[in-house]
Each structure stands twice: as C-alpha cells, then as structure tokens.
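Read through the structure below, which is laid out as structure tokens, and then see the notes.
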Amino acid sequence: MDYVIHLFILINIYIILTTSTNLLVGTVNMLSLGQAAFYGIGAYLSVLALLSFNWPLFPSLLFAMVGTGLISFLISYPSIRLKGDYFVLATLGFQLIVYTILYNWVSVTRGPYGITGIPSPKLFGSIEIAGLWPFLILSTVLTIMVVVIFYNLIHSPFGRALRGVRDDELSMKALGKNVNRLKIYTFAISSAFIAVSGFLYATYVSYIDPTSFNLDESIFILSALIVGGLGNIRGPVIGALFVIILPEALRFMGLPDNVAANLRQIIYGLALILLMRYRPQGIAGTYAIK
Amino acid sequence: METDILTIQALTKSFSRKIMNSDGGEDDEQYWIIKDLFLNVPRGKVIALIGGNGAGKTTLFNIISGFVKPDSGSIIFKGDGCESELLKMQPHLIAQMGLGRMFQDNHIFGEMSVLDNMLIANSLNSSENPVSALLFKKRLKRDEVKRTEKTAQIFDTFFGKESPFWEKRYVPAGTLSYGQQRLLGLARLFMREYQLLLLDEPSSGVNPEVIEQIKVLIRRFTEQNQTVLLIEHNLDVVQDIADFCCYMDQGRITLMGTPADVIGNEDVRKSYVGF
Amino acid sequence: MIWQFIVNGIITGMIYGVVALGFALVYNTTRIFHIAYAAIYMVAPYLLMFSMQSLGLPLFVSILLAVLGTILIGYAVDILIYSPLAKRNSSSNVIMVSSIGAMIIIINVVAIIFGNETKIVNPGVSQSITIGKILVTYTQVFQFVTALFLFLLFFIFLKFSRFGIITRAYRDDEKLASVLGTNIPAIKRLLFILSSAFAAVGSCLIAYDVGMNPYVGMPMLLNAVVALIIGGVGRFEAPVLGGVLIGVLQSLVVYFSSARWQDAVTFLLLILFLLLRPQGILGEKMRTV
C-alpha cells in the first residue's frame, strides 16, 4: 500500500512536468530539450529557500517558480528568433550548460555529492509535511491546481493565440500579434510550473543531485508527453501515467531488474517511432508535432 | 500628395545567391527584384498592381508589410494623422497601425474553427495574455460574445443568411473548400477597421461565383474610406473594381493610370496582356 | 608546455572532425537531424570486439566487419524510419523525435547484449615517441594518420568525382538536383553509408584508446553538432575545422583550468554561435523570413 502511494506521488510529479511542457511543445509547437534543466533549477532553488533561508512552504515554492521563470528569459529571449532545428539545439545547449554548472559548481550546489537532509516544507510555518500521506495530499492538491490553471490557459484567448502561432506564425504577425512576446510568456509559464515538480521532488526525496536532471531526463519527460498526447489536458496526464506505471507492469511480469530498465527504454523508443509514424498526436492528444 | 496614404520612394531590393559554374565551383549572383520603385497610393481607392510573374509584386507587399527589409528606400504611411516610416518597423507593429494583409496562399488558421479565425483577427493583444486568462475570465467571455455577434453580422452581410459560413463556424477552417477559405481570409479583415489593405491575388484559383463575392467584398472596403492595394492577374476583376491601375515591370512601376488606360497601353499589351 | 596540450587537442579534434563530417554528410544534404547517429557511432567498437573475441577473426577483417555492420545499421535506420516519414513529408521535428526513438532502442539493445559497463579494448599503456618536446603515443599517431587519410580521400572524391559534384548540388538545392536527373534516393543511400562508415572509424579510433560503453554516443554527437555549428552548415570543410577547433579548445580548458569545465565551455560556444553567428565560421549568411 505504501508503495502505491509512492507511485501516486511520482505520478503527480510527472503530470505537472508533462502538463507544463505541453504548453511549450504541444500548444505552441516549440520542441525543447531543456525541461530537465528547469526541473533541476526549480529543485535547487527550492532547497535554497527551504534550507538556507528557512522559509515555509508557499514562499519557498513561489521563490522556486519565480526564479525559474526569470531564468527562462535567459534562454528564451535570445533563442526564440532561431528557426526550427537551431531552436532545439539552443534548448539542448541550455540543458547541457545548466547540467554542467549544477554538476561542477560544487561550492554552491555540492555537485555530484548532492544535497541531503532537505527539510520537510512547513505549511504556514508550522504544519510539517512529511511522510507518505501528507505528500500525497500536497502533491495531489498542487497537481489539481496546475491542471486547472493550464486548462484555463489553453481554453482562453491566450491559448488561442498560442495555437495561432503554431498554426501560422506569419498570419499572426500580419494580424498585429507580438509573436515573440507570446513565445516568451509560454516559456516562462512552462518553466515556472516545471519548478513546482522540482519543489515536490526535492522535498519528497529529501535528497537531490544533478544526475536526476540531465539530458536523459529531458528526453524522458518529452517522451512521456509525446506518448500521452499533445495539445490538450488529457494527453499529458495519460503520458505521465504511462511512464510511471509501465515499469511496474514490467516488474509484475517477472523480468529481472537489470534487463527491465533497458527493456523499458526500448519500449519507449518503439512507442516514439510508432507514434510518429502512425499517430503523431500521441495516444490522447489533439495536436501533432509539426 | 496630401491625400496619399502610402508614399514609396526609391525602393530597392536585391537578392544574392550561389550558383554553380562550369568548373564545379560556386559564384555569387545578384539580381534586383525591385529597383528604384516609386509609388504614391491615394487614399480610399482600389489600386490594382499588375505585371508578369516574378516582377516583384509580392516582394513589394512583403516589404510594405514589414516581412522583408529592402536594401534602400523609404515607405511613409500616413495613418490617422501621423506619419510613420514603415521600413523601421516590425511586421506586427505595422499591422497594429492599420495595415491589413491577405496572402497569396491563403494563410488562414486551418486547425482552428471558422469562428476562432474571425475572433482571433481582432482580439486585443491585451486580452491575449496568461494573467487575463486566469483572472478576468468573465470579462473576456463577455467580450467574446460581442465579437461573435460581430462575426455573425459580417457573415450575414456578405454571404447572406443561407451561406454555410455561420453553420460551419465550429468546423476547422482547413476543411472548407478553397474558395470558402479565400472568402474567410477576406472576411477576417472586416473584424478590424484597417486603413490600408494589401490583397495578394484574392481571385486566383476560385470559381466565377466566388470571384463575384470577392469583388463585392473588396469594394465594400472603400465605402469606409479604406484603401485597397490589389495584386491581380485577372484583368476583368481589375477593370471592374479598380479605380487605378499600376503596371510593374523589372522592379519598378512603369505606368499608372485608370485600368482602361493601363491595360490598353501598347507596351503593356505586348509584354503582359498578350494580345 | 602548452604545445603538448595543443597537439593532443588537434589529434582528438581530428577524430571529432571525422565524426562531425559523418553527421554533416546527412544533415547538410537531407536536413535530417540524425540523432540516431549517436547510437550508430557507439555500435562499431562493439562489433569490432565481438568479431575479434567471440568470432576470433583477425584485426583487419574485424575492422571491416565492424564498419560493414555499422553501415548496415545506419542503412536500416534510414529504410525503417526516415524514408517512410519522408514519403509523407513529415516535419523535421517528427523526424527528430523518431530518431531519438531509434537511438534509445539501439543503445538499450547493446546494453542488454553486452552490458552497461565500460569495456576496455586495449589494456596497458601505449608506447610513445617524442618529437621535440612533445610526446605522442603510437595510438595518437595512428589516429592522426587515419583521420588525415580519410579527409584527403573524401575531399578529393568530393571535388573530382561525379558523385561529389552531385552531392554538392544536392546540398545546395535538393529539388533542383533531382530535376537535373540525378538519382536522389541512390545518393541518399550512399550518403548514409558514408556517414555510418565515418562514425564507425571515428568510434573505433577512440574506443581503442579509452574503451567503450553503450552511452558514449550522445556526448560525441554533441561534440559533432557543436563542431558543425561552429564550422558552419554548408561546406564539408566546416565540420572538420569545427572539430579541430573544439579539440584544441577543450585541451586548452584542461590546461588553463580543469577537465570538468570542458563541456561547459563547449556548450557555451554552441550557444554563442547559435545566437551571434548561426552560420558558423565558414557558412553563408542565411536569409531570414
């Protein structure tokens, strides 16, 4: 039973990751390889607030979100003018630089040694969130909030404008829309909410190190989103469910652990190839990658 | 002239490209698509721009609307009272100042519904941000309802109560027929009061019935003192609705006058009209 | 002693150049962002090891087999994944995601068969010679000579053979080249073959020195991509130039600071070029809009 709760917490964390990434990759169609970098920045900023500043839950969370959102400007502002492949490369470069900094700036981030003893966040300064059930409640509440927020964003004039950018950027400019500004907003929102997952991960596991936030993780989050589906709310949720439950299903089938990890990856790879060929909008999405 | 809405002077645009020469090496070739172009566009009229393929007409539109930067020249746009040099401005700002554009290949939002295509055309930039989406939902909703009524009006006025547009308003615009998409692209431009409209071959590829509807729509613009610059190959359309006509050849406007004059001109007949 | 580092950097850079050239052969012409190249690169030394240790074949034959095997795998990726997508005019993002999928599959199949750990091909320290004050190992000499030989062969081929001229035409304008009557699908297949071959050679050269594991592909691909961007997308000399530059740069970072900042500097260079000079050092200025 404990294990099931643990899985649910993970599912929540990944729903937030995929839903946030969806706004950028699904709705506006800006393929990015930098999700894990923001995930990591969110986690480390949360730790800064909780451990160094000793702040309670919501101020720390807000700090992580705002900080990550602001840092996203560093990459979004210069790179949104880049076309197609070059934009993806820029996000890739950003991901790698962030990882290298997190790994090597040992004096600040403790590098590969990681940071242990992350304190449990204190709600309103006094109610400590520690243990499985409190984290389940916290993560579920946050997940629901994030999903509701993104639902409203997608179904608003803002969301429609983003779909317009995806559909025909030229027309949008000819209609007087500031496409660059829309893209930068999307980047900032997406990364700010990815930071929520960073917060949850850091506080739940109470230990972080850079290897959880590398390029492989970016690809993993992207794959989860693509498999589940892009452009709507269902898709990312299904994608998160898929990537968390699949390994458990494999384990159930009695596969030895050392092969299971590789086999799982093979299934993801196969899923990506088959989906791109036959169903590029994913299992439950409304938009295909363009 | 004081009544001109657009004054173009000494516009020049060249492209360079690599071509392979006979030794298998590469050379740079430069060609001028627009060379020393002058044009004054009088306000409130329909001005047709005709000329052979590759004469530079679409490039001219791209430069005016800000998507392509020329080598040199000046384009002054006299909006409501103020004068702006368009060449310094980005395309979306030019559009915000009142310059509307219809492209040669439709460029409507195929994945969006017909209604969304209309609504997005005049939704305020100030509504299209995440904060409004979360905090001012009621106000945005009311605004959308008003503009949906405006859409209904436009469809009514131009396409009649029997037209399929209102019925199909929730259908993705990409599923409309080519002619209907063309009309949608034009109808969209009525959601805002543009001052100058650049229409690139609006009648190409559509059947005569749709052409008639397009002609009506275009003349409608001028009833509100809007100016229309029109690229057209269909000379019947030009003669029917244009007040003025310009002939463009080898990168410059060589002739401007009434449609009858220009189309009847001997040089134009020889090199363009064909008879 | 900075020259020792520079020489080391040049030699490593030459191998980067080989690998980058292999990537450029596909990207410059077909515009496919061939991420699966990372996996194709990684496979070669495993095939070499399998041939020598499990099949007991001599070195030369094994090298041939390794290269052939790598070519086959690259060919399979093209036929099974890229060609079907190209037929439906899929966008480059869709192709890139599929490429990532292919890479993931190949890497993990290798990991299941051969294990995740690093394998050393050549235990022991290589002998070395001294030129002036600079020390170079036999391995390094071998690497340098092989890479140089490959480059010379390739560029002579590119300039003077019919295939080379057609490739350059293809690179400039695919539609034009096909209209001129060249057999584009055949050229494409040939380019993939060459690309995989270059990856195989580069990979074996490196693996002979430092060993291999299933995950070496991505870091090397990244170096290749940075080399391509820095050099410039367009002419085939560019990735070679970029590769050597990166090799020297990384070496100098080790000399002046520490090995752990190598990657950061490389990727910083990538971002700088992407933002300030996306056409690279040798590239042509690109038209926007």
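Identifiers in the structure tokens: chain A, B, ... in order shown; residue index from 1 per chain; ligand index from 1 in order shown.
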
* Which of range 98-174 of chain A counts as alpha helix (DSSP H) under DSSP, as a ChimeraX atom specification please? -> /A:98-104,106-109,132-154,157-167,169-174

* Write out as a list in words which residues come within 9 Å of Tyr31 in chain B when counting only C-alpha atoms, dropping same-chain ones fewer than 4 positions away. => Lys13, Ser14, Phe15, Ser16 and Arg17 of chain B

Keeping C-alpha atoms, export the residues of the selection given above as a compact mmCIF listing (two decimals), in the first residue's frame.
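So out-v1.txt came out as:
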# COMPACT_ATOMS: atom_id res chain seq x y z
CA LYS B 13 15.76 45.15 -53.08
CA SER B 14 18.26 42.66 -54.40
CA PHE B 15 18.96 39.05 -53.61
CA SER B 16 22.21 37.22 -53.98
CA ARG B 17 22.55 33.56 -54.44

* To do: Extract, using only C-alpha atoms, all DNA, RNA and protein residues at most 9 Å from range 184-200 of chain C, discarding same-chain residues fewer than 4 positions from it, and format them as a PyMOL selection string.
  => chain C and resi 18-26+29-30+37-38+40-45+66-68+70-75+78-79+150+163+166-167+170+174+177-178+204-205

I need the residues from that last selection saved to file as a compact mmCIF listing (two decimals), in the first residue's frame (with C-alpha atoms), if you can.
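out_1.txt written:
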# COMPACT_ATOMS: atom_id res chain seq x y z
CA VAL C 18 35.72 12.64 -38.75
CA VAL C 19 32.62 12.09 -36.66
CA ALA C 20 31.27 15.56 -37.39
CA LEU C 21 31.82 15.05 -41.09
CA GLY C 22 29.78 11.86 -40.92
CA PHE C 23 26.93 13.77 -39.32
CA ALA C 24 27.25 16.62 -41.80
CA LEU C 25 27.00 14.23 -44.74
CA VAL C 26 23.45 13.53 -43.70
CA THR C 29 22.09 17.35 -47.66
CA THR C 30 18.89 15.86 -46.33
CA TYR C 37 23.86 8.82 -35.36
CA ALA C 38 24.91 8.75 -31.71
CA ILE C 40 25.34 4.20 -34.83
CA TYR C 41 28.60 5.71 -33.66
CA MET C 42 28.53 3.70 -30.45
CA VAL C 43 27.89 0.32 -32.09
CA ALA C 44 31.08 -0.01 -34.14
CA PRO C 45 33.62 -0.90 -31.43
CA ALA C 66 32.66 -3.55 -37.77
CA VAL C 67 32.42 -0.88 -40.44
CA LEU C 68 30.11 -3.01 -42.59
CA THR C 70 27.66 -0.19 -38.69
CA ILE C 71 26.77 0.69 -42.25
CA LEU C 72 24.02 -1.91 -42.19
CA ILE C 73 22.56 -0.49 -39.01
CA GLY C 74 22.66 3.03 -40.40
CA TYR C 75 21.03 1.80 -43.56
CA ASP C 78 17.15 5.10 -42.95
CA ILE C 79 14.92 2.50 -44.53
CA LEU C 150 40.10 9.81 -44.58
CA PHE C 163 29.25 11.69 -57.03
CA ILE C 166 26.12 15.73 -57.34
CA THR C 167 26.40 15.72 -53.55
CA TYR C 170 22.10 18.15 -53.58
CA GLU C 174 17.52 19.21 -53.33
CA ALA C 177 19.34 18.39 -58.14
CA SER C 178 16.53 15.91 -58.59
CA CYS C 204 36.91 2.62 -33.21
CA LEU C 205 39.78 5.09 -33.08

* To do: Could you list, as a PyMOL selection string, the residues of chain C having an atom within 8 Å of chain A when counting only C-alpha atoms?
  => chain C and resi 33+81+84-85+90-95+97-105+108-109+111-112+260-261+263-264+267-268+270-271+274-275

* Asked: Among range 75-198 of chain B, which ones does DSSP place in strand (DSSP E), written as a list of chain:residue names?
  -> B:Ile75, B:Ile76, B:Phe77, B:Lys78, B:Glu83, B:Ser84, B:Glu85, B:Leu99, B:Gly100, B:Arg101, B:Met102, B:Leu196, B:Leu197, B:Leu198

Output file for the residues above (N, CA and C atoms, as a PDB file, in the first residue's frame):
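Generated output (out_14.pdb):
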ATOM      1  N   ILE B  75       9.338  54.186 -47.133  1.00  0.00           N
ATOM      2  CA  ILE B  75       7.892  53.999 -47.270  1.00  0.00           C
ATOM      3  C   ILE B  75       7.221  54.771 -46.140  1.00  0.00           C
ATOM      4  N   ILE B  76       6.505  55.805 -46.509  1.00  0.00           N
ATOM      5  CA  ILE B  76       5.813  56.603 -45.489  1.00  0.00           C
ATOM      6  C   ILE B  76       4.337  56.235 -45.493  1.00  0.00           C
ATOM      7  N   PHE B  77       3.847  55.895 -44.333  1.00  0.00           N
ATOM      8  CA  PHE B  77       2.451  55.530 -44.170  1.00  0.00           C
ATOM      9  C   PHE B  77       1.769  56.637 -43.382  1.00  0.00           C
ATOM     10  N   LYS B  78       0.729  57.214 -44.013  1.00  0.00           N
ATOM     11  CA  LYS B  78       0.046  58.291 -43.298  1.00  0.00           C
ATOM     12  C   LYS B  78      -1.231  57.743 -42.703  1.00  0.00           C
ATOM     13  N   GLU B  83       2.486  60.205 -39.326  1.00  0.00           N
ATOM     14  CA  GLU B  83       3.274  59.643 -40.418  1.00  0.00           C
ATOM     15  C   GLU B  83       4.276  58.660 -39.853  1.00  0.00           C
ATOM     16  N   SER B  84       4.426  57.521 -40.477  1.00  0.00           N
ATOM     17  CA  SER B  84       5.433  56.570 -39.984  1.00  0.00           C
ATOM     18  C   SER B  84       6.268  56.034 -41.120  1.00  0.00           C
ATOM     19  N   GLU B  85       7.512  55.847 -40.834  1.00  0.00           N
ATOM     20  CA  GLU B  85       8.409  55.219 -41.801  1.00  0.00           C
ATOM     21  C   GLU B  85       8.328  53.712 -41.565  1.00  0.00           C
ATOM     22  N   LEU B  99      -2.548  48.320 -41.113  1.00  0.00           N
ATOM     23  CA  LEU B  99      -2.263  47.749 -42.421  1.00  0.00           C
ATOM     24  C   LEU B  99      -2.645  46.274 -42.407  1.00  0.00           C
ATOM     25  N   GLY B 100      -3.613  45.903 -43.233  1.00  0.00           N
ATOM     26  CA  GLY B 100      -4.058  44.521 -43.262  1.00  0.00           C
ATOM     27  C   GLY B 100      -3.503  43.800 -44.473  1.00  0.00           C
ATOM     28  N   ARG B 101      -3.408  42.472 -44.376  1.00  0.00           N
ATOM     29  CA  ARG B 101      -2.746  41.752 -45.451  1.00  0.00           C
ATOM     30  C   ARG B 101      -3.478  40.448 -45.743  1.00  0.00           C
ATOM     31  N   MET B 102      -3.617  40.156 -47.008  1.00  0.00           N
ATOM     32  CA  MET B 102      -4.113  38.828 -47.371  1.00  0.00           C
ATOM     33  C   MET B 102      -3.088  38.190 -48.292  1.00  0.00           C
ATOM     34  N   LEU B 196      -5.358  50.465 -44.650  1.00  0.00           N
ATOM     35  CA  LEU B 196      -4.818  50.061 -45.940  1.00  0.00           C
ATOM     36  C   LEU B 196      -4.791  48.547 -45.982  1.00  0.00           C
ATOM     37  N   LEU B 197      -5.297  47.999 -47.076  1.00  0.00           N
ATOM     38  CA  LEU B 197      -5.322  46.547 -47.194  1.00  0.00           C
ATOM     39  C   LEU B 197      -4.480  46.110 -48.382  1.00  0.00           C
ATOM     40  N   LEU B 198      -3.614  45.135 -48.154  1.00  0.00           N
ATOM     41  CA  LEU B 198      -2.806  44.590 -49.238  1.00  0.00           C
ATOM     42  C   LEU B 198      -3.368  43.209 -49.556  1.00  0.00           C
TER      43      LEU B 198
END

* Find the residues around range 131-147 of chain B up to 10 Å (only C-alpha atoms counted), leave out those fewer than 6 positions away in its own chain, and share them as a count of residues only. => 21

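Among the candidate residues B:Asn40, B:Ser177, B:Asn62, B:Ser271, the one lying nearest to chain A is B:Asn62, with distances computed using only C-alpha atoms.
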
* Asked: Could you name the residues that touch Asp116 in chain B at 10 Å or less, counting only C-alpha atoms, but leaving out those on the same chain fewer than 6 positions away, as a list in words?
  -> Pro157, Arg160, Ala161 and Gly164 of chain A; Phe109, Thr148, Thr151, Arg169, Tyr170, Val171, Pro172 and Ala173 of chain B

* Asked: Quick one: residues within 12 Å of Gln90 in chain B, only C-alpha atoms counted, chain neighbours fewer than 5 positions away excluded, as a list in words?
  -> Lys173, Ala174, Gly176, Lys177, Asn178, Val179 and Asn180 of chain A; Asn62, Ile63, Ile64, Ser65, Gly66, Phe67, Val68, Lys69, Glu85, Ala95, Gln96 and Met97 of chain B

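Closest approach to Val141 in chain C among C:Ala39, C:Leu276, C:Gly234, C:Met14 is made by C:Met14 (distances from only C-alpha atoms).
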
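CA of Val226 in chain C lies 19.5 Å from CA of Val201 in chain C.
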
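With only C-alpha atoms as the atoms that count, the residue of C:Ser161, C:Gln262, C:Asn8, C:Thr118 with the shortest distance to chain B is C:Ser161.
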
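Note that the spacing between CA of Leu135 in chain C and CA of Val121 in chain C amounts to 22.3 Å.
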
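Counting only C-alpha atoms and comparing B:Val210, B:Asn225, B:Gly51, B:Leu93, the residue that lies closest to Asn125 in chain B is B:Leu93.
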
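Residues surrounding range 40-51 of chain A within 6 Å are Ser60, Ala64, Thr68, Ala195, Gly198, Phe199, Ala202 and Phe213 of chain A [only C-alpha atoms; sequence separation below 6 positions excluded].
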
* Structure fact -> CA of Thr146 in chain C to CA of Ser128 in chain C measures 17.1 Å

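Each of B:Arg192, B:Arg43, B:Lys215, B:Arg182 was compared to chain A using only C-alpha atoms, and B:Arg192 turns out to be the nearest.
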
* Asked: Pick from A:Leu175, A:Leu136, A:Val66, A:Leu162: nearest to Gly98 in chain B, with only C-alpha atoms counted?
  -> A:Leu175
